[in-house]
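Asks: Just passing along the structure, written as structure tokens.
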Amino acid sequence: MRRLGLFQCGELSFAISLLQIQKILQGSRSYRLPRLPGAVSAVLVDNDQLVPVLDLGQILGEAGQLDLKANGYQILVESEYGTVALPADLTGRIVAEQRGVLSTTTVKQKCLGVIGKFVYQNEEYNILDIDFLAIEMTQGFWQNQPDTGGARRHQ
Amino acid sequence: MGVFIAVVASRKLIFRIGGVGFLLELADVVEVVDQITEDLDPSRSIIGQGIVSALEFRQTWIPAIDPTLKLDIFSAIKLKDKVAVVLHSSEGNWALLVDQVEDLSAAENFQPCEVPFLLKVAAMGFYSQIKLLQNEPMIVFEPERYYGSAAALV
């Protein structure tokens with residue numbers, strides 16, 4: 001039985017497979033470093049390791065609007081390429097997949113890094129493709145345009 | 001007027017630029033000069049090489065380099081209010097302009113910390129090492145990336 005973590009970050013509601021969530025920090029200090037890619041808002045330190053904080057606002061085309069929530073959660077998520085942190089408001093829940101309704105996104109409604117929708121209690125959550133977001137948002141070629149990133153990633 | 005700093009092996013100089021912390025081998029430092037207003041000649045700049053001014057230091061004009069240009073850091077500190085960290089290199093002394101010199105710290109106070117795989121490409125050409133000081137990431141400043149014939153290559 002798959003479980004999903006459901007979170008909110010400003011206007012963005014998002015869901016992540018519980019298996020990918022390493023830990024959830026609260027109010028962890030983040031630091032800006034020079035030359036971070038545009039879609040990485042900062043880094044945080046966890047267990048003596050640097051973790052890039054992704055600017056989730058860019059999924060909605062709102063760069064820099066949703067990042068660095070000083071008192072929010074930082075969700076540490078394991079990707080194929082290393083750990084990344086996602087900022088979130090101080091709300092969140094874990095639910096079994098069958099408690100809601102899953103749907104895939106159509107090309108028309110597709111946002112980069114979103115592989116589907118999960119509707120739970122009348123709220124629609126974007127299911128994030130963490131591997132895709134981790135590599136696209138940290139390698140400096142993130143654009144919020146469909147059909148631009150995946151091809152490069154697989155070149 | 002300058003503040004003489006004796007070269008002490010294994011100690012690090014901590015400075016900040018735009019809020020970002022850096023550390024520098026103290027052995028590379030000739031002197032820290034904190035009042036440079038009267039010693040600057042900005043007309044002698046070579047912006048393409050990061051040289052924003054000449055600085056008169058011990059009766060000699062040396063290049064003053066502002067690393068914010070290369071690192072793309074925003075600093076609210078004006079040129080005349082910067083602190084000059086004079087470094088020696090095989091090509092002579094040069095001044096590194098920073099916002100603030102914070103402290104000296106023993107090498108053992110720093111924890112090693114790798115640049116994560118996901119950020120290696122972004123950092124490439126600008127820094128290669130980060131250390132933690134009280135859980136804050138500090139960039140190991142590599143002078144050769146900023147001045148001298150090798151700077152053009154890195």
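Letters A, B, ... mark the chains of the structure tokens in the order given; residue numbers begin at 1 per chain; ligand numbers begin at 1, in order shown.
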To test your reading of the structure, identify every residue in region 33-89 of chain A that backbone DSSP assigns to strand (DSSP E or B), and report it as a list in words.

Replies: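 Taking region 33-89 of chain A and keeping strand (DSSP E or B) gives Val40, Ser41, Ala42, Val43, Leu44, Val45, Asp46, Gln49, Leu50, Val51, Pro52, Val53, Leu54, Tyr73, Gln74, Ile75, Leu76, Val77, Glu78, Ser79, Gly82, Thr83, Val84, Ala85, Leu86, Pro87 and Ala88 of chain A.
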
Asks: Go ahead and write the selection's residues with N, CA and C atoms as a PDB file, in the first residue's frame.

Replies:
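What follows is the written file selection.pdb:
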```pdb
ATOM      1  N   VAL A  40      17.527  26.879  -7.565  1.00  0.00           N
ATOM      2  CA  VAL A  40      17.915  26.460  -6.207  1.00  0.00           C
ATOM      3  C   VAL A  40      17.981  27.733  -5.371  1.00  0.00           C
ATOM      4  N   SER A  41      17.155  27.810  -4.346  1.00  0.00           N
ATOM      5  CA  SER A  41      17.067  29.068  -3.596  1.00  0.00           C
ATOM      6  C   SER A  41      18.143  29.179  -2.529  1.00  0.00           C
ATOM      7  N   ALA A  42      18.645  28.067  -2.041  1.00  0.00           N
ATOM      8  CA  ALA A  42      19.614  28.096  -0.944  1.00  0.00           C
ATOM      9  C   ALA A  42      20.092  26.671  -0.702  1.00  0.00           C
ATOM     10  N   VAL A  43      20.934  26.529   0.301  1.00  0.00           N
ATOM     11  CA  VAL A  43      21.276  25.182   0.778  1.00  0.00           C
ATOM     12  C   VAL A  43      20.990  25.143   2.272  1.00  0.00           C
ATOM     13  N   LEU A  44      20.749  23.975   2.775  1.00  0.00           N
ATOM     14  CA  LEU A  44      20.705  23.795   4.222  1.00  0.00           C
ATOM     15  C   LEU A  44      21.686  22.691   4.596  1.00  0.00           C
ATOM     16  N   VAL A  45      21.983  22.635   5.862  1.00  0.00           N
ATOM     17  CA  VAL A  45      22.974  21.663   6.338  1.00  0.00           C
ATOM     18  C   VAL A  45      22.254  20.624   7.180  1.00  0.00           C
ATOM     19  N   ASP A  46      22.445  19.379   6.802  1.00  0.00           N
ATOM     20  CA  ASP A  46      21.860  18.288   7.574  1.00  0.00           C
ATOM     21  C   ASP A  46      22.906  17.204   7.730  1.00  0.00           C
ATOM     22  N   GLN A  49      26.070  17.576   5.828  1.00  0.00           N
ATOM     23  CA  GLN A  49      25.954  17.512   4.370  1.00  0.00           C
ATOM     24  C   GLN A  49      25.151  18.722   3.886  1.00  0.00           C
ATOM     25  N   LEU A  50      25.553  19.246   2.728  1.00  0.00           N
ATOM     26  CA  LEU A  50      24.784  20.335   2.127  1.00  0.00           C
ATOM     27  C   LEU A  50      23.637  19.749   1.306  1.00  0.00           C
ATOM     28  N   VAL A  51      22.482  20.361   1.450  1.00  0.00           N
ATOM     29  CA  VAL A  51      21.308  19.898   0.711  1.00  0.00           C
ATOM     30  C   VAL A  51      20.723  21.085  -0.058  1.00  0.00           C
ATOM     31  N   PRO A  52      20.638  20.993  -1.387  1.00  0.00           N
ATOM     32  CA  PRO A  52      20.038  22.099  -2.151  1.00  0.00           C
ATOM     33  C   PRO A  52      18.552  22.226  -1.856  1.00  0.00           C
ATOM     34  N   VAL A  53      18.101  23.459  -1.660  1.00  0.00           N
ATOM     35  CA  VAL A  53      16.670  23.723  -1.450  1.00  0.00           C
ATOM     36  C   VAL A  53      16.090  24.161  -2.793  1.00  0.00           C
ATOM     37  N   LEU A  54      15.158  23.400  -3.315  1.00  0.00           N
ATOM     38  CA  LEU A  54      14.571  23.725  -4.625  1.00  0.00           C
ATOM     39  C   LEU A  54      13.531  24.824  -4.483  1.00  0.00           C
ATOM     40  N   TYR A  73       8.358  23.971   7.098  1.00  0.00           N
ATOM     41  CA  TYR A  73       9.035  22.678   7.029  1.00  0.00           C
ATOM     42  C   TYR A  73      10.038  22.696   5.883  1.00  0.00           C
ATOM     43  N   GLN A  74      11.067  21.907   6.020  1.00  0.00           N
ATOM     44  CA  GLN A  74      11.937  21.573   4.890  1.00  0.00           C
ATOM     45  C   GLN A  74      11.895  20.054   4.775  1.00  0.00           C
ATOM     46  N   ILE A  75      11.365  19.613   3.673  1.00  0.00           N
ATOM     47  CA  ILE A  75      11.192  18.173   3.480  1.00  0.00           C
ATOM     48  C   ILE A  75      12.392  17.650   2.718  1.00  0.00           C
ATOM     49  N   LEU A  76      13.141  16.782   3.353  1.00  0.00           N
ATOM     50  CA  LEU A  76      14.321  16.213   2.692  1.00  0.00           C
ATOM     51  C   LEU A  76      13.900  14.967   1.928  1.00  0.00           C
ATOM     52  N   VAL A  77      14.155  15.015   0.642  1.00  0.00           N
ATOM     53  CA  VAL A  77      13.656  13.972  -0.239  1.00  0.00           C
ATOM     54  C   VAL A  77      14.833  13.352  -0.991  1.00  0.00           C
ATOM     55  N   GLU A  78      14.819  12.042  -1.061  1.00  0.00           N
ATOM     56  CA  GLU A  78      15.908  11.332  -1.737  1.00  0.00           C
ATOM     57  C   GLU A  78      15.591  11.213  -3.223  1.00  0.00           C
ATOM     58  N   SER A  79      16.524  11.677  -4.042  1.00  0.00           N
ATOM     59  CA  SER A  79      16.369  11.489  -5.486  1.00  0.00           C
ATOM     60  C   SER A  79      17.467  10.544  -5.950  1.00  0.00           C
ATOM     61  N   GLY A  82      20.795  12.388  -5.438  1.00  0.00           N
ATOM     62  CA  GLY A  82      21.166  12.944  -4.143  1.00  0.00           C
ATOM     63  C   GLY A  82      19.958  13.584  -3.472  1.00  0.00           C
ATOM     64  N   THR A  83      20.175  14.002  -2.244  1.00  0.00           N
ATOM     65  CA  THR A  83      19.065  14.548  -1.463  1.00  0.00           C
ATOM     66  C   THR A  83      18.783  15.993  -1.857  1.00  0.00           C
ATOM     67  N   VAL A  84      17.516  16.338  -1.929  1.00  0.00           N
ATOM     68  CA  VAL A  84      17.109  17.736  -2.126  1.00  0.00           C
ATOM     69  C   VAL A  84      16.089  18.088  -1.043  1.00  0.00           C
ATOM     70  N   ALA A  85      15.955  19.386  -0.791  1.00  0.00           N
ATOM     71  CA  ALA A  85      14.988  19.844   0.202  1.00  0.00           C
ATOM     72  C   ALA A  85      13.888  20.632  -0.494  1.00  0.00           C
ATOM     73  N   LEU A  86      12.671  20.428  -0.037  1.00  0.00           N
ATOM     74  CA  LEU A  86      11.522  21.152  -0.569  1.00  0.00           C
ATOM     75  C   LEU A  86      10.921  21.982   0.566  1.00  0.00           C
ATOM     76  N   PRO A  87      10.709  23.270   0.353  1.00  0.00           N
ATOM     77  CA  PRO A  87      10.085  24.077   1.402  1.00  0.00           C
ATOM     78  C   PRO A  87       8.585  23.811   1.451  1.00  0.00           C
ATOM     79  N   ALA A  88       8.013  23.913   2.625  1.00  0.00           N
ATOM     80  CA  ALA A  88       6.566  23.698   2.757  1.00  0.00           C
ATOM     81  C   ALA A  88       6.038  24.496   3.937  1.00  0.00           C
TER      82      ALA A  88
END
```

Asks: Report the closest atom pair, with its distance in Å rounded to one decimal, for each residue of chain B that has an atom no farther than 10 Å from chain A; count only C-alpha atoms, sort by chain and then rising residue number, and write it as JSON lines.

Replies:
```
{"residue": "B:Ile17", "atom": "CA", "partner": "A:Pro34", "partner_atom": "CA", "distance": 9.9}
{"residue": "B:Gly18", "atom": "CA", "partner": "A:Pro34", "partner_atom": "CA", "distance": 9.5}
{"residue": "B:Gly19", "atom": "CA", "partner": "A:Arg32", "partner_atom": "CA", "distance": 8.3}
{"residue": "B:Val20", "atom": "CA", "partner": "A:Leu33", "partner_atom": "CA", "distance": 6.5}
{"residue": "B:Gly21", "atom": "CA", "partner": "A:Leu33", "partner_atom": "CA", "distance": 8.8}
{"residue": "B:Thr68", "atom": "CA", "partner": "A:Pro34", "partner_atom": "CA", "distance": 9.0}
{"residue": "B:Lys70", "atom": "CA", "partner": "A:Arg35", "partner_atom": "CA", "distance": 9.2}
{"residue": "B:Leu71", "atom": "CA", "partner": "A:Pro34", "partner_atom": "CA", "distance": 5.6}
{"residue": "B:Asp72", "atom": "CA", "partner": "A:Pro34", "partner_atom": "CA", "distance": 6.5}
{"residue": "B:Ile73", "atom": "CA", "partner": "A:Pro34", "partner_atom": "CA", "distance": 6.1}
{"residue": "B:Phe74", "atom": "CA", "partner": "A:Pro34", "partner_atom": "CA", "distance": 9.5}
{"residue": "B:Gln111", "atom": "CA", "partner": "A:Asp48", "partner_atom": "CA", "distance": 7.7}
{"residue": "B:Pro112", "atom": "CA", "partner": "A:Asp48", "partner_atom": "CA", "distance": 7.9}
{"residue": "B:Cys113", "atom": "CA", "partner": "A:Gln49", "partner_atom": "CA", "distance": 6.1}
{"residue": "B:Glu114", "atom": "CA", "partner": "A:Gln49", "partner_atom": "CA", "distance": 7.0}
{"residue": "B:Val115", "atom": "CA", "partner": "A:Leu50", "partner_atom": "CA", "distance": 6.9}
{"residue": "B:Pro116", "atom": "CA", "partner": "A:Leu50", "partner_atom": "CA", "distance": 6.4}
{"residue": "B:Phe117", "atom": "CA", "partner": "A:Gly82", "partner_atom": "CA", "distance": 7.0}
{"residue": "B:Leu118", "atom": "CA", "partner": "A:Thr138", "partner_atom": "CA", "distance": 5.9}
{"residue": "B:Leu119", "atom": "CA", "partner": "A:Thr138", "partner_atom": "CA", "distance": 6.4}
{"residue": "B:Lys120", "atom": "CA", "partner": "A:Gln139", "partner_atom": "CA", "distance": 8.9}
{"residue": "B:Val121", "atom": "CA", "partner": "A:Gln139", "partner_atom": "CA", "distance": 6.7}
{"residue": "B:Ala122", "atom": "CA", "partner": "A:Leu36", "partner_atom": "CA", "distance": 6.0}
{"residue": "B:Ala123", "atom": "CA", "partner": "A:Arg35", "partner_atom": "CA", "distance": 6.3}
{"residue": "B:Met124", "atom": "CA", "partner": "A:Arg35", "partner_atom": "CA", "distance": 9.2}
{"residue": "B:Phe126", "atom": "CA", "partner": "A:Arg35", "partner_atom": "CA", "distance": 8.0}
{"residue": "B:Tyr127", "atom": "CA", "partner": "A:Pro34", "partner_atom": "CA", "distance": 9.1}
{"residue": "B:Ile130", "atom": "CA", "partner": "A:Leu50", "partner_atom": "CA", "distance": 9.3}
{"residue": "B:Lys131", "atom": "CA", "partner": "A:Asp48", "partner_atom": "CA", "distance": 9.2}
{"residue": "B:Leu132", "atom": "CA", "partner": "A:Asp48", "partner_atom": "CA", "distance": 7.4}
{"residue": "B:Asn135", "atom": "CA", "partner": "A:Val45", "partner_atom": "CA", "distance": 6.8}
{"residue": "B:Glu136", "atom": "CA", "partner": "A:Val45", "partner_atom": "CA", "distance": 7.4}
{"residue": "B:Pro137", "atom": "CA", "partner": "A:Tyr31", "partner_atom": "CA", "distance": 7.6}
{"residue": "B:Met138", "atom": "CA", "partner": "A:Leu33", "partner_atom": "CA", "distance": 9.0}
{"residue": "B:Ile139", "atom": "CA", "partner": "A:Leu33", "partner_atom": "CA", "distance": 8.4}
```

Asks: Tell me, as a VMD selection string, which residues lie within 9 Å of region 1-11 of chain A, counting only C-alpha atoms; anything in the same chain fewer than 5 positions away does not count.

Replies: chain A and resid 16 to 19 21 56 to 57 60 65 to 67 86 to 98 125 127

Asks: Restricting the output to N, CA and C atoms, write the selected residues as a short mmCIF file (atom, residue, chain, number, x, y, z; two decimals), in the first residue's frame.

Replies:
```cif
data_model
loop_
_atom_site.label_atom_id
_atom_site.label_comp_id
_atom_site.auth_asym_id
_atom_site.auth_seq_id
_atom_site.Cartn_x
_atom_site.Cartn_y
_atom_site.Cartn_z
N ILE A 16 4.27 13.68 -2.45
CA ILE A 16 5.50 12.92 -2.67
C ILE A 16 5.29 11.54 -2.07
N SER A 17 5.83 10.54 -2.75
CA SER A 17 5.78 9.20 -2.21
C SER A 17 6.51 9.16 -0.87
N LEU A 18 5.89 8.55 0.10
CA LEU A 18 6.48 8.49 1.44
C LEU A 18 7.84 7.80 1.42
N LEU A 19 8.03 6.87 0.50
CA LEU A 19 9.29 6.15 0.42
C LEU A 19 10.46 7.09 0.08
N ILE A 21 10.69 10.26 1.15
CA ILE A 21 10.91 11.28 2.19
C ILE A 21 11.90 10.75 3.22
N LEU A 56 10.37 25.77 -5.33
CA LEU A 56 9.16 25.16 -5.89
C LEU A 56 8.27 26.16 -6.61
N GLY A 57 8.44 27.43 -6.30
CA GLY A 57 7.65 28.45 -6.98
C GLY A 57 7.83 28.39 -8.48
N LEU A 60 5.29 26.72 -10.66
CA LEU A 60 4.12 27.52 -11.03
C LEU A 60 4.52 28.79 -11.78
N GLN A 65 9.11 33.11 -5.02
CA GLN A 65 7.97 33.50 -4.20
C GLN A 65 7.73 32.55 -3.03
N LEU A 66 8.15 31.31 -3.22
CA LEU A 66 7.76 30.31 -2.23
C LEU A 66 8.92 29.79 -1.41
N ASP A 67 10.10 30.33 -1.63
CA ASP A 67 11.28 29.71 -1.02
C ASP A 67 11.56 30.25 0.38
N LEU A 86 12.67 20.43 -0.04
CA LEU A 86 11.52 21.15 -0.57
C LEU A 86 10.92 21.98 0.57
N PRO A 87 10.71 23.27 0.35
CA PRO A 87 10.09 24.08 1.40
C PRO A 87 8.58 23.81 1.45
N ALA A 88 8.01 23.91 2.62
CA ALA A 88 6.57 23.70 2.76
C ALA A 88 6.04 24.50 3.94
N ASP A 89 4.75 24.81 3.85
CA ASP A 89 4.09 25.46 4.98
C ASP A 89 3.98 24.47 6.14
N LEU A 90 3.57 24.99 7.28
CA LEU A 90 3.46 24.12 8.45
C LEU A 90 2.16 23.33 8.44
N THR A 91 1.91 22.72 7.32
CA THR A 91 0.79 21.78 7.23
C THR A 91 1.31 20.58 6.49
N GLY A 92 0.70 19.48 6.67
CA GLY A 92 1.13 18.30 5.95
C GLY A 92 0.43 17.08 6.54
N ARG A 93 0.27 16.09 5.73
CA ARG A 93 -0.34 14.85 6.23
C ARG A 93 0.14 13.70 5.37
N ILE A 94 0.01 12.53 5.91
CA ILE A 94 0.38 11.32 5.18
C ILE A 94 -0.89 10.49 5.01
N VAL A 95 -1.17 10.15 3.77
CA VAL A 95 -2.39 9.38 3.52
C VAL A 95 -2.09 8.20 2.60
N ALA A 96 -2.88 7.17 2.74
CA ALA A 96 -2.77 6.02 1.84
C ALA A 96 -3.32 6.42 0.48
N GLU A 97 -2.70 5.88 -0.54
CA GLU A 97 -3.07 6.27 -1.91
C GLU A 97 -4.55 6.01 -2.20
N GLN A 98 -5.08 4.92 -1.64
CA GLN A 98 -6.47 4.58 -1.98
C GLN A 98 -7.50 5.46 -1.28
N TYR A 125 -3.59 17.71 -5.38
CA TYR A 125 -2.15 17.78 -5.10
C TYR A 125 -1.38 17.35 -6.34
N ILE A 127 1.59 15.55 -7.94
CA ILE A 127 2.55 14.51 -7.57
C ILE A 127 3.88 14.84 -8.26
#
```

Asks: Can you pull out every residue within 9 Å of Asn93 (chain B), counting only C-alpha atoms, but drop anything in the same chain fewer than 2 positions away, and send it as a list in words?

Replies: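 Counting only C-alpha atoms, the residues come to Val30, Phe57, Ile62, Pro63, Val86, Leu87, His88, Ser89, Ser90, Glu91 and Ala95 of chain B.
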
Asks: Taking C-alpha atoms for each residue, export the selection above as a compact mmCIF listing (two decimals), in the first residue's frame.

Replies:
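The resulting file, part_6.txt, is reproduced below:
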```txt
# COMPACT_ATOMS: atom_id res chain seq x y z
CA VAL B 30 50.20 39.76 3.91
CA PHE B 57 50.02 49.56 -0.46
CA ILE B 62 48.68 46.85 -6.50
CA PRO B 63 45.56 45.50 -8.24
CA VAL B 86 46.37 41.87 0.74
CA LEU B 87 47.57 38.54 -0.55
CA HIS B 88 50.89 37.54 -2.00
CA SER B 89 51.25 35.54 -5.15
CA SER B 90 54.05 34.58 -7.46
CA GLU B 91 53.14 37.67 -9.48
CA ALA B 95 44.24 43.10 -2.77
```

Asks: So which residues touch Arg16 (chain B) within 9 Å, counting only C-alpha atoms, skipping near sequence neighbours fewer than 3 positions away, as a PyMOL selection string?

Replies: chain B and resi 19-23+98-102
